[in-house]
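Heads up: the structure comes next, in structure tokens.
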Amino acid sequence: MNEHNDTESRPEDGQASEGQEAFQEKDEGVDFDGRVPSSQMRSYALLTPDLKQLYMGFYKATYGKSQLDIKTKEFIAIAASLTSGCKGCLEGHLKKAKKHGATAEEISEVIAITLGVAAASIVDRSDIANYTLGGLYDMPE
């Protein structure tokens, strides 16, 4: 049954439903996807202090005064985080975007655009593969 259906049967005898188990796991330090939340890890743990300093200098420079306002930069960072699969980055940039006035509608649009580009990349890769194989598959137009 749908987890959000009010008519679903309730667990008896103190048993937790699947959704409740996920919340319990999250409370015990495991996120919904089975990973430890980024907030519980030491960030940059494998970088030497010199490399971390170089990285942080570059990162801070990208947020300096430029042609783009901070909210727009956060939208770009959200899209980049989604496409690169960086969960900690995504969480951080969502928080920063909200701090700089991003609305839920704007975030939804950023996600939709990112989704569209990601989908187009799959079409592009499959077109290239099919072309490389000499047009192995041909769809009617």
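Residues are named by chain letter and number: chains run A, B, ... in the order of the structure tokens, numbers start at 1 in each chain, and ligands are numbered from 1 in the order shown.
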
Near A:Lys96, counting only C-alpha atoms, which residues have an atom at most 12 Å away, once you skip same-chain residues fewer than 3 positions from it, shown as a PyMOL selection string?
chain A and resi 63+70-78+89-93+99-103+107

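Counting from atom CA of A:Ala118, the distance to atom CA of A:Gly85 is 12.0 Å.
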
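Taking atom CA of A:Glu109 and atom CA of A:Ala79 as the two end points, the separation is 10.4 Å.
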
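Taking atom CA of A:Ala112 and atom CA of A:Phe58 as endpoints, the distance between them is 28.6 Å.
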
Item to complete: Give the helix (DSSP H, G or I) residues of stretch 29-114 of chain A, as assigned by DSSP on the backbone, as a PyMOL selection string.
Response: chain A and resi 38-40+49-62+70-84+87-99+104-114
